[in-house]
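File shown here: coords_13.tsv, holding TSV, C-alpha atoms.
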chain	number	residue	atom	x	y	z
A	1	MET	CA	-13.22	-156.98	61.89
A	2	ALA	CA	-9.55	-157.92	61.71
A	3	ALA	CA	-8.67	-154.89	59.67
A	4	GLU	CA	-5.12	-153.68	59.49
A	5	THR	CA	-5.12	-150.26	61.14
A	6	LEU	CA	-2.70	-147.47	60.32
A	7	ILE	CA	-2.47	-144.59	62.80
A	8	PRO	CA	-0.20	-141.82	61.48
A	9	THR	CA	1.11	-139.21	63.91
A	10	SER	CA	1.81	-136.39	61.44
A	11	PRO	CA	0.20	-134.97	58.29
A	12	GLU	CA	3.22	-136.11	56.26
A	13	GLU	CA	2.96	-139.65	57.58
A	14	ALA	CA	-0.79	-139.63	56.84
A	15	ALA	CA	-0.14	-138.54	53.25
A	16	GLY	CA	2.58	-141.17	52.86
A	17	LEU	CA	0.43	-143.99	54.21
A	18	PHE	CA	-2.51	-142.88	52.06
A	19	GLY	CA	-0.42	-143.04	48.90
A	20	GLU	CA	-2.96	-143.27	46.10
A	21	GLY	CA	-5.66	-144.48	48.43
A	22	ASN	CA	-5.96	-147.95	46.99
A	23	ASP	CA	-7.88	-150.47	49.15
A	24	LEU	CA	-7.83	-148.07	52.05
A	25	THR	CA	-10.72	-146.99	54.27
A	26	VAL	CA	-10.12	-143.54	55.73
A	27	PHE	CA	-11.50	-142.75	59.18
A	28	GLY	CA	-12.18	-139.12	60.03
A	29	GLY	CA	-14.45	-138.95	63.06
A	30	GLY	CA	-16.07	-142.24	62.12
A	31	THR	CA	-19.65	-141.09	62.67
A	32	ILE	CA	-20.68	-142.45	59.27
A	33	LEU	CA	-18.29	-145.36	58.97
A	34	LEU	CA	-18.39	-146.94	62.40
A	35	PRO	CA	-22.12	-147.77	62.43
A	36	GLU	CA	-21.69	-149.26	58.95
A	37	ILE	CA	-18.81	-151.43	60.14
A	38	ALA	CA	-20.58	-152.43	63.35
A	39	ALA	CA	-23.64	-153.45	61.32
A	40	GLY	CA	-21.47	-155.54	59.01
A	41	ARG	CA	-22.21	-153.49	55.91
A	42	VAL	CA	-18.62	-152.28	55.45
A	43	HIS	CA	-15.61	-154.55	55.86
A	44	PRO	CA	-12.38	-152.55	55.70
A	45	GLU	CA	-9.23	-154.54	55.02
A	46	ARG	CA	-6.91	-151.62	55.74
A	47	ALA	CA	-8.03	-148.57	57.69
A	48	LEU	CA	-6.27	-145.24	57.98
A	49	LEU	CA	-7.23	-143.60	61.28
A	50	LEU	CA	-6.49	-139.90	61.35
A	51	HIS	CA	-7.24	-138.99	64.98
A	52	ARG	CA	-3.54	-138.58	65.83
A	53	SER	CA	-2.47	-137.16	62.44
A	54	GLY	CA	-2.27	-133.53	63.50
A	55	LEU	CA	-4.67	-132.56	60.70
A	56	ASP	CA	-7.06	-130.97	63.21
A	57	THR	CA	-5.63	-127.45	63.18
A	58	LEU	CA	-7.92	-124.46	62.72
A	59	ASP	CA	-6.60	-120.97	62.01
A	60	ALA	CA	-9.25	-118.28	61.65
A	61	GLY	CA	-6.99	-115.48	62.79
A	62	SER	CA	-5.80	-114.13	59.45
A	63	ASP	CA	-7.27	-113.13	56.07
A	64	VAL	CA	-7.48	-116.76	55.05
A	65	VAL	CA	-9.40	-119.20	57.25
A	66	ARG	CA	-7.58	-122.56	57.25
A	67	ILE	CA	-9.34	-125.60	58.67
A	68	GLY	CA	-7.60	-128.97	58.90
A	69	ALA	CA	-9.56	-131.94	57.58
A	70	MET	CA	-9.75	-133.47	61.05
A	71	ALA	CA	-11.07	-130.36	62.78
A	72	THR	CA	-14.29	-131.44	64.43
A	73	ILE	CA	-17.58	-129.77	63.59
A	74	ALA	CA	-17.62	-128.54	67.21
A	75	ALA	CA	-14.20	-126.92	66.66
A	76	VAL	CA	-15.52	-125.24	63.51
A	77	VAL	CA	-18.53	-123.90	65.43
A	78	GLU	CA	-16.30	-122.58	68.20
A	79	GLY	CA	-13.47	-121.38	65.99
A	80	THR	CA	-15.37	-119.54	63.26
A	81	ASP	CA	-18.23	-117.08	63.30
A	82	ASP	CA	-19.37	-116.78	59.73
A	83	LEU	CA	-21.57	-118.42	57.13
A	84	LEU	CA	-19.95	-121.81	57.74
A	85	THR	CA	-20.78	-121.61	61.45
A	86	ARG	CA	-24.49	-121.09	60.72
A	87	PHE	CA	-24.59	-124.47	58.98
A	88	ALA	CA	-22.12	-126.34	61.18
A	89	GLU	CA	-24.10	-125.62	64.34
A	90	HIS	CA	-27.08	-127.57	62.94
A	91	ILE	CA	-25.18	-130.80	62.35
A	92	GLY	CA	-26.15	-133.61	64.72
A	93	ASP	CA	-26.02	-132.60	68.37
A	94	GLY	CA	-23.09	-131.45	70.52
A	95	GLU	CA	-21.79	-134.97	71.04
A	96	VAL	CA	-21.89	-135.83	67.35
A	97	ARG	CA	-20.28	-132.48	66.51
A	98	ARG	CA	-17.40	-133.28	68.88
A	99	THR	CA	-16.69	-136.45	66.90
A	100	ALA	CA	-17.60	-135.63	63.29
A	101	THR	CA	-15.05	-133.76	61.16
A	102	ILE	CA	-15.20	-131.22	58.35
A	103	GLY	CA	-13.14	-133.51	56.11
A	104	GLY	CA	-15.63	-136.30	56.73
A	105	ASN	CA	-18.50	-133.98	55.88
A	106	LEU	CA	-16.90	-133.27	52.49
A	107	CYS	CA	-16.11	-136.92	51.83
A	108	ALA	CA	-19.39	-138.39	53.11
A	109	THR	CA	-20.72	-141.30	51.11
A	110	PRO	CA	-24.33	-141.00	49.90
A	111	GLY	CA	-26.83	-141.37	52.74
A	112	ILE	CA	-29.70	-143.84	52.56
A	113	GLY	CA	-32.67	-142.01	54.06
A	114	ALA	CA	-31.19	-138.51	53.92
A	115	GLN	CA	-28.58	-136.45	52.12
A	116	ARG	CA	-25.20	-135.84	53.79
A	117	GLY	CA	-22.57	-133.17	53.36
A	118	ASP	CA	-24.57	-130.15	54.53
A	119	LEU	CA	-21.43	-127.98	54.67
A	120	GLY	CA	-21.02	-128.12	50.89
A	121	ALA	CA	-23.41	-125.20	50.36
A	122	PRO	CA	-21.63	-122.63	52.56
A	123	LEU	CA	-18.18	-123.80	51.44
A	124	ILE	CA	-19.14	-123.32	47.78
A	125	ALA	CA	-20.62	-119.89	48.50
A	126	LEU	CA	-17.50	-118.88	50.44
A	127	GLY	CA	-15.32	-119.89	47.50
A	128	ALA	CA	-13.52	-122.47	49.63
A	129	ARG	CA	-10.60	-124.45	48.31
A	130	VAL	CA	-9.76	-128.04	49.21
A	131	ARG	CA	-6.16	-129.13	49.64
A	132	SER	CA	-5.83	-132.86	49.14
A	133	THR	CA	-3.27	-135.52	48.33
A	134	GLY	CA	-3.43	-138.77	46.39
A	135	LYS	CA	-2.56	-139.89	42.88
A	136	GLY	CA	-0.34	-137.24	41.29
A	137	GLY	CA	0.47	-135.67	44.66
A	138	GLU	CA	-0.90	-132.68	46.46
A	139	ARG	CA	-3.31	-130.23	44.83
A	140	THR	CA	-5.63	-127.41	45.77
A	141	GLU	CA	-8.92	-126.88	43.94
A	142	PRO	CA	-12.31	-125.23	44.39
A	143	VAL	CA	-14.61	-127.26	46.62
A	144	GLU	CA	-17.13	-127.83	43.82
A	145	ASP	CA	-14.38	-129.33	41.65
A	146	PHE	CA	-13.24	-131.53	44.52
A	147	LEU	CA	-16.80	-132.78	45.06
A	148	ALA	CA	-17.30	-133.49	41.37
A	149	GLY	CA	-13.96	-135.32	41.08
A	150	ASP	CA	-12.67	-138.65	42.35
A	151	ARG	CA	-13.06	-138.06	46.08
A	152	ALA	CA	-12.41	-141.69	46.95
A	153	GLY	CA	-8.85	-141.38	45.65
A	154	ARG	CA	-8.07	-138.22	47.59
A	155	LEU	CA	-7.09	-137.58	51.19
A	156	VAL	CA	-8.33	-134.16	52.28
A	157	LEU	CA	-5.66	-132.24	54.18
A	158	ALA	CA	-7.30	-128.86	54.68
A	159	ILE	CA	-10.05	-126.50	53.60
A	160	GLU	CA	-9.39	-122.79	53.25
A	161	TYR	CA	-11.34	-119.70	52.26
A	162	ASP	CA	-10.85	-115.96	52.24
A	163	ARG	CA	-12.37	-114.23	55.21
A	164	SER	CA	-13.62	-111.42	52.98
A	165	ALA	CA	-16.26	-113.40	51.11
A	166	GLY	CA	-18.45	-110.29	51.01
A	167	LYS	CA	-22.11	-110.18	51.91
A	168	CYS	CA	-23.67	-113.56	52.53
A	169	GLY	CA	-27.16	-114.94	52.94
A	170	PHE	CA	-28.52	-118.39	53.67
A	171	GLU	CA	-31.61	-120.52	54.15
A	172	ILE	CA	-31.69	-123.87	55.87
A	173	MET	CA	-34.82	-125.96	55.51
A	174	ARG	CA	-35.01	-128.71	58.09
A	175	ARG	CA	-37.28	-130.51	60.47
A	176	ARG	CA	-37.17	-129.53	64.14
A	177	HIS	CA	-35.18	-132.50	65.25
A	178	ALA	CA	-31.66	-132.61	66.65
A	179	HIS	CA	-30.40	-135.20	64.21
A	180	SER	CA	-32.33	-134.40	61.11
A	181	PHE	CA	-30.31	-133.72	58.02
A	182	ALA	CA	-31.47	-130.69	56.10
A	183	VAL	CA	-34.20	-130.91	53.47
A	184	ALA	CA	-32.30	-128.24	51.54
A	185	ASN	CA	-29.45	-125.80	52.23
A	186	VAL	CA	-28.87	-122.62	50.28
A	187	ALA	CA	-25.88	-120.31	50.78
A	188	VAL	CA	-25.07	-117.20	48.75
A	189	CYS	CA	-22.14	-114.78	48.91
A	190	ASP	CA	-21.53	-111.65	46.88
A	191	SER	CA	-17.91	-110.59	47.05
A	192	GLY	CA	-18.18	-107.72	44.60
A	193	ASP	CA	-16.53	-109.70	41.77
A	194	GLY	CA	-19.51	-111.97	41.51
A	195	LEU	CA	-22.23	-113.97	43.14
A	196	ARG	CA	-21.56	-117.50	44.40
A	197	VAL	CA	-24.45	-119.84	45.17
A	198	GLY	CA	-24.08	-123.22	46.88
A	199	ILE	CA	-26.84	-125.80	47.32
A	200	SER	CA	-26.62	-128.93	49.48
A	201	GLY	CA	-28.90	-131.42	51.17
A	202	ILE	CA	-30.89	-132.14	48.04
A	203	GLY	CA	-28.75	-134.90	46.54
A	204	PRO	CA	-25.58	-136.89	47.18
A	205	LEU	CA	-23.32	-133.93	46.36
A	206	ALA	CA	-23.47	-130.19	46.89
A	207	VAL	CA	-23.67	-128.17	43.69
A	208	ARG	CA	-22.81	-124.67	42.58
A	209	ALA	CA	-25.85	-122.94	41.07
A	210	ARG	CA	-24.16	-121.18	38.15
A	211	SER	CA	-27.40	-120.25	36.37
A	212	VAL	CA	-28.53	-118.28	39.41
A	213	GLU	CA	-25.09	-116.71	39.73
A	214	GLN	CA	-25.35	-115.37	36.19
A	215	SER	CA	-28.99	-114.29	36.13
A	216	ARG	CA	-29.55	-113.50	39.83
A	217	ASN	CA	-32.98	-115.00	39.20
A	218	ALA	CA	-33.91	-117.47	41.95
A	219	ASP	CA	-36.21	-119.43	39.64
A	220	ASP	CA	-33.18	-120.43	37.56
A	221	VAL	CA	-32.03	-122.73	40.37
A	222	VAL	CA	-34.12	-125.51	38.84
A	223	LYS	CA	-31.64	-125.56	35.92
A	224	ASP	CA	-28.74	-126.18	38.31
A	225	VAL	CA	-30.07	-128.98	40.48
A	226	ASP	CA	-31.32	-132.53	40.21
A	227	PRO	CA	-32.92	-133.22	43.60
A	228	VAL	CA	-33.55	-136.72	44.92
A	229	SER	CA	-36.39	-138.18	46.94
A	230	ASP	CA	-35.55	-139.60	50.37
A	231	ALA	CA	-37.10	-140.10	53.81
A	232	LEU	CA	-37.11	-136.34	54.47
A	233	ALA	CA	-38.66	-134.96	51.29
A	234	SER	CA	-39.61	-135.80	47.74
A	235	ALA	CA	-37.63	-134.51	44.78
A	236	ALA	CA	-40.71	-132.62	43.61
A	237	TYR	CA	-41.03	-130.87	46.97
A	238	ARG	CA	-37.37	-129.88	46.97
A	239	LEU	CA	-37.68	-128.56	43.43
A	240	LYS	CA	-40.70	-126.50	44.44
A	241	MET	CA	-39.05	-125.08	47.56
A	242	LEU	CA	-35.60	-124.27	46.19
A	243	PRO	CA	-36.55	-121.13	44.23
A	244	VAL	CA	-38.23	-119.82	47.39
A	245	LEU	CA	-35.18	-120.53	49.53
A	246	VAL	CA	-32.80	-119.03	46.97
A	247	ARG	CA	-34.99	-115.92	46.71
A	248	ARG	CA	-34.94	-115.48	50.48
A	249	ALA	CA	-31.16	-115.96	50.62
A	250	LEU	CA	-30.64	-113.44	47.80
A	251	ASP	CA	-32.95	-110.97	49.55
A	252	GLN	CA	-30.65	-111.09	52.57
A	253	LEU	CA	-27.84	-109.68	50.40
A	254	GLU	CA	-29.93	-106.56	49.83
A	255	SER	CA	-30.55	-106.02	53.53
A	256	ALA	CA	-27.06	-107.04	54.69
B	1	MET	CA	-4.37	-150.36	73.70
B	2	ASN	CA	-5.52	-149.46	77.15
B	3	ILE	CA	-8.31	-147.32	78.53
B	4	THR	CA	-9.12	-146.23	82.05
B	5	VAL	CA	-12.76	-146.76	82.94
B	6	ASN	CA	-14.10	-145.25	86.15
B	7	GLY	CA	-10.58	-144.98	87.50
B	8	ARG	CA	-9.50	-148.52	86.66
B	9	GLU	CA	-7.06	-149.20	83.83
B	10	HIS	CA	-7.80	-151.99	81.37
B	11	ASP	CA	-5.71	-153.52	78.60
B	12	ILE	CA	-7.97	-153.94	75.58
B	13	VAL	CA	-7.90	-156.99	73.34
B	14	SER	CA	-10.81	-156.01	71.04
B	15	ALA	CA	-9.90	-154.99	67.48
B	16	PRO	CA	-9.01	-151.29	67.05
B	17	LEU	CA	-12.12	-150.53	64.99
B	18	THR	CA	-14.49	-151.92	67.61
B	19	PRO	CA	-16.94	-149.29	68.87
B	20	LEU	CA	-16.13	-148.21	72.42
B	21	LEU	CA	-19.71	-149.21	73.27
B	22	HIS	CA	-19.02	-152.86	72.48
B	23	VAL	CA	-15.67	-152.83	74.28
B	24	LEU	CA	-17.38	-151.54	77.41
B	25	ARG	CA	-20.34	-153.90	77.26
B	26	GLU	CA	-18.79	-157.07	75.89
B	27	GLU	CA	-15.10	-157.03	76.78
B	28	LEU	CA	-15.31	-155.20	80.10
B	29	GLU	CA	-18.91	-156.16	80.98
B	30	ILE	CA	-19.78	-152.60	81.94
B	31	THR	CA	-23.39	-152.48	80.84
B	32	SER	CA	-24.78	-149.06	81.74
B	33	PRO	CA	-24.02	-147.70	78.23
B	34	LYS	CA	-26.95	-149.11	76.29
B	35	ALA	CA	-26.83	-150.34	72.71
B	36	GLY	CA	-29.78	-148.33	71.38
B	37	CYS	CA	-29.87	-147.21	67.78
B	38	GLN	CA	-26.12	-147.82	67.33
B	39	GLN	CA	-25.87	-145.08	64.75
B	40	GLY	CA	-25.49	-142.01	66.93
B	41	GLY	CA	-29.12	-140.99	66.95
B	42	CYS	CA	-30.46	-141.80	70.40
B	43	GLY	CA	-27.84	-140.91	73.03
B	44	THR	CA	-28.25	-143.82	75.43
B	45	CYS	CA	-24.69	-145.05	74.79
B	46	THR	CA	-23.15	-141.70	75.76
B	47	VAL	CA	-20.15	-141.89	78.07
B	48	LEU	CA	-17.65	-139.27	79.18
B	49	VAL	CA	-14.30	-139.37	77.37
B	50	ASP	CA	-11.82	-137.28	79.36
B	51	GLY	CA	-14.86	-135.53	80.84
B	52	GLU	CA	-16.64	-134.78	77.56
B	53	PRO	CA	-19.84	-136.58	76.53
B	54	ARG	CA	-19.38	-138.70	73.42
B	55	ARG	CA	-21.45	-141.37	71.70
B	56	SER	CA	-19.64	-144.61	72.46
B	57	CYS	CA	-21.26	-146.25	69.42
B	58	LEU	CA	-19.60	-143.69	67.11
B	59	THR	CA	-16.19	-143.88	68.77
B	60	THR	CA	-13.58	-146.47	67.80
B	61	VAL	CA	-11.70	-147.84	70.77
B	62	ALA	CA	-8.48	-147.01	68.89
B	63	SER	CA	-9.34	-143.31	69.01
B	64	VAL	CA	-9.65	-143.34	72.81
B	65	ASP	CA	-6.48	-145.33	73.45
B	66	GLY	CA	-5.04	-143.92	76.68
B	67	ALA	CA	-8.18	-141.93	77.53
B	68	SER	CA	-10.17	-141.86	80.73
B	69	ILE	CA	-13.77	-143.02	80.38
B	70	THR	CA	-16.59	-142.42	82.83
B	71	THR	CA	-19.76	-144.49	82.70
B	72	LEU	CA	-22.78	-144.37	84.98
B	73	GLU	CA	-21.07	-146.95	87.21
B	74	GLY	CA	-18.43	-144.31	87.95
B	75	LEU	CA	-20.81	-141.68	89.30
B	76	GLY	CA	-22.53	-142.79	92.48
B	77	GLU	CA	-23.55	-145.82	94.52
B	78	ALA	CA	-27.09	-146.76	95.50
B	79	GLU	CA	-26.41	-145.35	98.97
B	80	SER	CA	-24.61	-142.23	97.76
B	81	LEU	CA	-26.08	-141.05	94.49
B	82	SER	CA	-24.44	-138.27	92.51
B	83	PRO	CA	-26.38	-134.97	92.48
B	84	VAL	CA	-27.82	-135.70	89.03
B	85	GLN	CA	-28.73	-139.27	89.93
B	86	ALA	CA	-30.35	-138.07	93.16
B	87	ALA	CA	-32.35	-135.40	91.33
B	88	PHE	CA	-33.54	-137.94	88.71
B	89	HIS	CA	-34.68	-140.15	91.60
B	90	GLU	CA	-36.37	-137.38	93.58
B	91	LEU	CA	-38.16	-135.85	90.62
B	92	TYR	CA	-39.25	-139.08	88.89
B	93	ALA	CA	-37.13	-138.34	85.82
B	94	ALA	CA	-36.91	-141.98	84.75
B	95	GLN	CA	-39.55	-144.44	83.69
B	96	CYS	CA	-38.21	-147.46	81.81
B	97	GLY	CA	-34.68	-146.21	82.39
B	98	PHE	CA	-33.16	-147.18	79.05
B	99	CYS	CA	-32.19	-143.62	78.16
B	100	THR	CA	-31.18	-142.67	81.70
B	101	PRO	CA	-27.44	-143.56	81.59
B	102	GLY	CA	-26.76	-141.26	78.64
B	103	MET	CA	-29.02	-138.54	80.00
B	104	VAL	CA	-27.33	-138.56	83.42
B	105	LEU	CA	-23.81	-138.48	81.98
B	106	ALA	CA	-24.56	-135.70	79.49
B	107	ALA	CA	-26.27	-133.72	82.26
B	108	THR	CA	-23.33	-134.29	84.62
B	109	ALA	CA	-20.92	-132.96	81.99
B	110	LEU	CA	-23.17	-129.94	81.35
B	111	ILE	CA	-23.27	-129.01	85.03
B	112	GLU	CA	-19.52	-129.53	85.33
B	113	ARG	CA	-18.91	-127.29	82.30
B	114	LYS	CA	-21.23	-124.52	83.50
B	115	GLY	CA	-19.95	-124.67	87.04
B	116	GLY	CA	-23.24	-123.35	88.44
B	117	PRO	CA	-26.99	-123.29	87.87
B	118	VAL	CA	-28.02	-124.33	84.36
B	119	GLU	CA	-31.13	-123.01	82.64
B	120	ARG	CA	-33.81	-124.83	80.67
B	121	GLU	CA	-32.29	-123.82	77.32
B	122	ASP	CA	-28.87	-125.14	78.41
B	123	VAL	CA	-30.40	-128.52	79.21
B	124	GLN	CA	-32.39	-128.63	75.99
B	125	GLU	CA	-29.23	-127.96	74.02
B	126	ALA	CA	-27.08	-130.46	75.94
B	127	LEU	CA	-29.70	-133.23	75.89
B	128	GLY	CA	-31.13	-132.38	72.47
B	129	GLY	CA	-29.75	-135.57	70.95
B	130	HIS	CA	-30.93	-137.84	73.76
B	131	TYR	CA	-34.22	-139.61	73.23
B	132	CYS	CA	-36.65	-140.60	75.93
B	133	ARG	CA	-39.80	-142.35	74.74
B	134	CYS	CA	-41.47	-142.37	78.19
B	135	THR	CA	-41.23	-139.19	80.20
B	136	GLY	CA	-41.93	-136.36	77.81
B	137	TYR	CA	-38.66	-134.74	78.96
B	138	VAL	CA	-40.19	-132.21	81.37
B	139	LYS	CA	-39.18	-134.11	84.49
B	140	ILE	CA	-35.73	-134.83	83.07
B	141	ILE	CA	-35.08	-131.15	82.39
B	142	ASP	CA	-36.45	-130.21	85.82
B	143	ALA	CA	-34.13	-132.78	87.43
B	144	VAL	CA	-31.02	-131.48	85.67
B	145	MET	CA	-31.85	-127.89	86.60
B	146	SER	CA	-32.46	-128.99	90.18
B	147	ALA	CA	-29.20	-130.94	90.33
B	148	SER	CA	-27.27	-127.91	89.14
B	149	ARG	CA	-28.61	-125.99	92.12
B	150	ALA	CA	-28.22	-128.78	94.63
B	151	ASN	CA	-24.67	-128.31	95.90
B	152	GLY	CA	-24.33	-132.01	96.44
B	153	SER	CA	-27.78	-132.74	97.84
B	154	PRO	CA	-31.03	-133.13	95.94
B	155	ALA	CA	-33.25	-130.08	95.79
Would you mind writing the structure in this file as C-alpha cells?
Amino acid sequence: MAAETLIPTSPEEAAGLFGEGNDLTVFGGGTILLPEIAAGRVHPERALLLHRSGLDTLDAGSDVVRIGAMATIAAVVEGTDDLLTRFAEHIGDGEVRRTATIGGNLCATPGIGAQRGDLGAPLIALGARVRSTGKGGERTEPVEDFLAGDRAGRLVLAIEYDRSAGKCGFEIMRRRHAHSFAVANVAVCDSGDGLRVGISGIGPLAVRARSVEQSRNADDVVKDVDPVSDALASAAYRLKMLPVLVRRALDQLESA
Amino acid sequence: MNITVNGREHDIVSAPLTPLLHVLREELEITSPKAGCQQGGCGTCTVLVDGEPRRSCLTTVASVDGASITTLEGLGEAESLSPVQAAFHELYAAQCGFCTPGMVLAATALIERKGGPVEREDVQEALGGHYCRCTGYVKIIDAVMSASRANGSPA
C-alpha cells in the first residue's frame, strides 16, 4: 500500500497532476476503490486524491445547473430538486451519500454482483454535459458520449445541464434494501425539441434509448439495450421489464 | 497526517490510502469501530467525522487529515452512559453487540442534528444502512426515539 499520493488543492492543480491520466488511480469519494484496495484487489502505484481539489462546487441557482465532479451525492440531493434528485436519493444510505461523489458515479468501474452508475439515466434524459480534461486538454461532451468514450483517460471536472429540461418522468426498479443497486432505471424528458430517454442499472454503462426517442414506442427499448445478468436480476428479466418501465415513464409525461 | 480522536490528537504513520477503520483499530488500538463487511454495506464501522456519521471503511485516512473523529469510546463511560447508550441499555436494544457501535453513533448524530424528539421514520432513514442480525430493529428504534426525549436521562 505504499502508493505515491497526490493531493491537489485547486482544480487547476488537479488537472495538471492528472495530465493524460497514465498510471494514475483517481480517488473521488473512494466508496468503490477503497474496499478494493483494502481487499488487495487493486494496487495503485500513484493515486490522485481529489478531496481538497475544490471540485465540489454545486450551483443550481441559474438556468444551467453546474455540479463539480467531487460534489457528494448528499450535496446533490440537498442542492437540487429535480429528476437527478429522485435517483440520487436512492444511492446507498445517508453515510454513503456523504462520501460518494457524482464524478465517481459517472466513472464507476463495472460492478461484480450489481450494476453501478445509477445516475447515468437521469443525466442522459436531462441532456447533461460532462466537462473533463486529459489527453488533448479540456472538452465538454454529452454524457452518453463521455460514457461511451475512454473514461479511464479523462478526469471529470464538472457536470452541467439546463434547468429547463421540460417534462420528465422516471421509473426506478429496485429491491427494498438500503444498499441495493437498482435492477433498472429509466428516465425520460421531453423538452419540446425532442424526447430524451436514459437507461441505467442494466449493464456496465448507461445508454441513451434512441429507438424509443424516435418512435415513442416503449417496446422499442429492447433495440437499444443489451442487459446483463447479475446477483439482482437476470438479463431476460430486465429485458422483459424494461418496456413496462419505459411505458410508465412515458405515461408520466402525459400527466405531467 | 494527524487526526483527533475523542479529543486526543494523534500523529498518523499509516499510509495515506489506509481506511480510517484500520488506522483506528490497528494503529491507535481503538476497537469499537468493527470491521464488518468492509465494503460500506453494514454500518458497524461508522464513526463521526467532525460530527457527521461516515463509514470508516470507505474513508481514507488522508481524506480526514486534520479532522476530529468520535468513536463509541468518546461518548460515555460505564458509570455515565450517554443518553443513547443508556436507552440502548434500558430497552434491551443490543444482543450480540457487533452492530451497536455504529448504531449508537449514527443515532447520536441524528439526535444532535434534529435537536429534539426524533420520530420512527427519522430513525429508519438514519439507521437504514445499519444491519443488525439479532434484534429485529424494533428495540433499537424504540431506544433511539426514547433517547431523543430523555434530556440526558434514560426514559
Quick one: residues within 6 Å of (-20.0, -145.0, 74.0) (file frame), counting all atoms listed in the file, please, as a list in words.
Leu20, Leu21, Cys45, Thr46, Val47, Arg55, Ser56 and Cys57 of chain B
Those selected residues, please, written with C-alpha atoms and delivered as an mmCIF file, in the frame of the given file.
data_model
loop_
_atom_site.group_PDB
_atom_site.id
_atom_site.type_symbol
_atom_site.label_atom_id
_atom_site.label_comp_id
_atom_site.auth_asym_id
_atom_site.auth_seq_id
_atom_site.Cartn_x
_atom_site.Cartn_y
_atom_site.Cartn_z
ATOM 1 C CA LEU B 20 -16.130 -148.210 72.420
ATOM 2 C CA LEU B 21 -19.710 -149.210 73.270
ATOM 3 C CA CYS B 45 -24.690 -145.050 74.790
ATOM 4 C CA THR B 46 -23.150 -141.700 75.760
ATOM 5 C CA VAL B 47 -20.150 -141.890 78.070
ATOM 6 C CA ARG B 55 -21.450 -141.370 71.700
ATOM 7 C CA SER B 56 -19.640 -144.610 72.460
ATOM 8 C CA CYS B 57 -21.260 -146.250 69.420
#
From the list A:Val77, A:His51, A:Gly111, A:Ala38, which residue is nearest Ala62 (chain B) when using only C-alpha atoms?
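Ranked by minimum distance to Ala62 (chain B), first place goes to A:His51.
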Contacts of region 24-143 of chain B with region 90-99 of chain A up to 8 Å, shortest pair per row, all atoms listed in the file, as CSV:
residue,atom,partner,partner_atom,distance
B:Gly40,CA,A:Val96,CA,7.2
B:Pro53,CA,A:Glu95,CA,6.0
B:Arg54,CA,A:Glu95,CA,5.0
B:Arg55,CA,A:Glu95,CA,6.4
B:Leu58,CA,A:Thr99,CA,7.8
B:Thr59,CA,A:Thr99,CA,7.7
B:Glu125,CA,A:Gly94,CA,7.9
B:Ala126,CA,A:Gly94,CA,6.8
B:Gly128,CA,A:Asp93,CA,6.6
B:Gly129,CA,A:Asp93,CA,5.4
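Shortest separation to Asp59 (chain A) among A:Ile7, A:Ala114, A:Ala158, A:Ala236 occurs at residue A:Ala158, atoms counted being all atoms listed in the file.
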Show me which bits of chain A are within 12 Å of chain B, counting only C-alpha atoms, as a ChimeraX atom specification.
/A:1-8,25-40,42-53,89-100,176-181
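For the set A:Leu119, A:Val221, A:Ile67, A:Val143, the residue with the smallest atom-to-atom gap to Arg86 (chain A) is A:Leu119, counting only C-alpha atoms.
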Point-to-point distance from CA of Gln85 (chain B) to CA of Asp65 (chain B), Å rounded to tenths:
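Straight-line distance from CA of Gln85 (chain B) to CA of Asp65 (chain B) works out to 28.3 Å.
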Kindly indicate which residue among B:Asp50, B:Glu73, B:Glu9, B:Glu90 lies nearest to Thr31 (chain B), using only C-alpha atoms for the distances.
B:Glu73
Point-to-point distance from CA of Gly113 (chain A) to CA of Ala231 (chain A), Å rounded to tenths:
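Result for CA of Gly113 (chain A) versus CA of Ala231 (chain A): 4.8 Å, one decimal.
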Region 24-52 of chain B written out with C-alpha atoms as a PDB file, in the first residue's frame:
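Wrote it out as selection_17.pdb, contents follow:
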ATOM      1  CA  LEU B  24      -8.344   3.385  14.377  1.00  0.00           C
ATOM      2  CA  ARG B  25      -8.249  -0.327  15.115  1.00  0.00           C
ATOM      3  CA  GLU B  26      -4.672  -1.238  14.278  1.00  0.00           C
ATOM      4  CA  GLU B  27      -2.558   1.893  14.666  1.00  0.00           C
ATOM      5  CA  LEU B  28      -4.465   3.537  17.513  1.00  0.00           C
ATOM      6  CA  GLU B  29      -5.962   0.351  19.025  1.00  0.00           C
ATOM      7  CA  ILE B  30      -9.401   1.918  19.294  1.00  0.00           C
ATOM      8  CA  THR B  31     -11.562  -1.109  18.653  1.00  0.00           C
ATOM      9  CA  SER B  32     -15.193  -0.045  18.961  1.00  0.00           C
ATOM     10  CA  PRO B  33     -15.464   0.535  15.178  1.00  0.00           C
ATOM     11  CA  LYS B  34     -15.927  -3.027  13.962  1.00  0.00           C
ATOM     12  CA  ALA B  35     -14.532  -4.450  10.746  1.00  0.00           C
ATOM     13  CA  GLY B  36     -17.770  -5.926   9.395  1.00  0.00           C
ATOM     14  CA  CYS B  37     -18.356  -6.185   5.678  1.00  0.00           C
ATOM     15  CA  GLN B  38     -15.572  -3.680   4.908  1.00  0.00           C
ATOM     16  CA  GLN B  39     -17.333  -2.509   1.787  1.00  0.00           C
ATOM     17  CA  GLY B  40     -19.749   0.045   3.187  1.00  0.00           C
ATOM     18  CA  GLY B  41     -22.744  -2.232   3.440  1.00  0.00           C
ATOM     19  CA  CYS B  42     -23.252  -2.956   7.127  1.00  0.00           C
ATOM     20  CA  GLY B  43     -22.638   0.220   9.150  1.00  0.00           C
ATOM     21  CA  THR B  44     -20.816  -1.226  12.152  1.00  0.00           C
ATOM     22  CA  CYS B  45     -17.632   0.738  11.352  1.00  0.00           C
ATOM     23  CA  THR B  46     -19.453   4.082  11.379  1.00  0.00           C
ATOM     24  CA  VAL B  47     -17.715   6.868  13.284  1.00  0.00           C
ATOM     25  CA  LEU B  48     -18.396  10.590  13.481  1.00  0.00           C
ATOM     26  CA  VAL B  49     -16.118  12.763  11.338  1.00  0.00           C
ATOM     27  CA  ASP B  50     -16.470  16.364  12.501  1.00  0.00           C
ATOM     28  CA  GLY B  51     -19.833  15.309  13.935  1.00  0.00           C
ATOM     29  CA  GLU B  52     -21.181  13.576  10.819  1.00  0.00           C
TER      30      GLU B  52
END
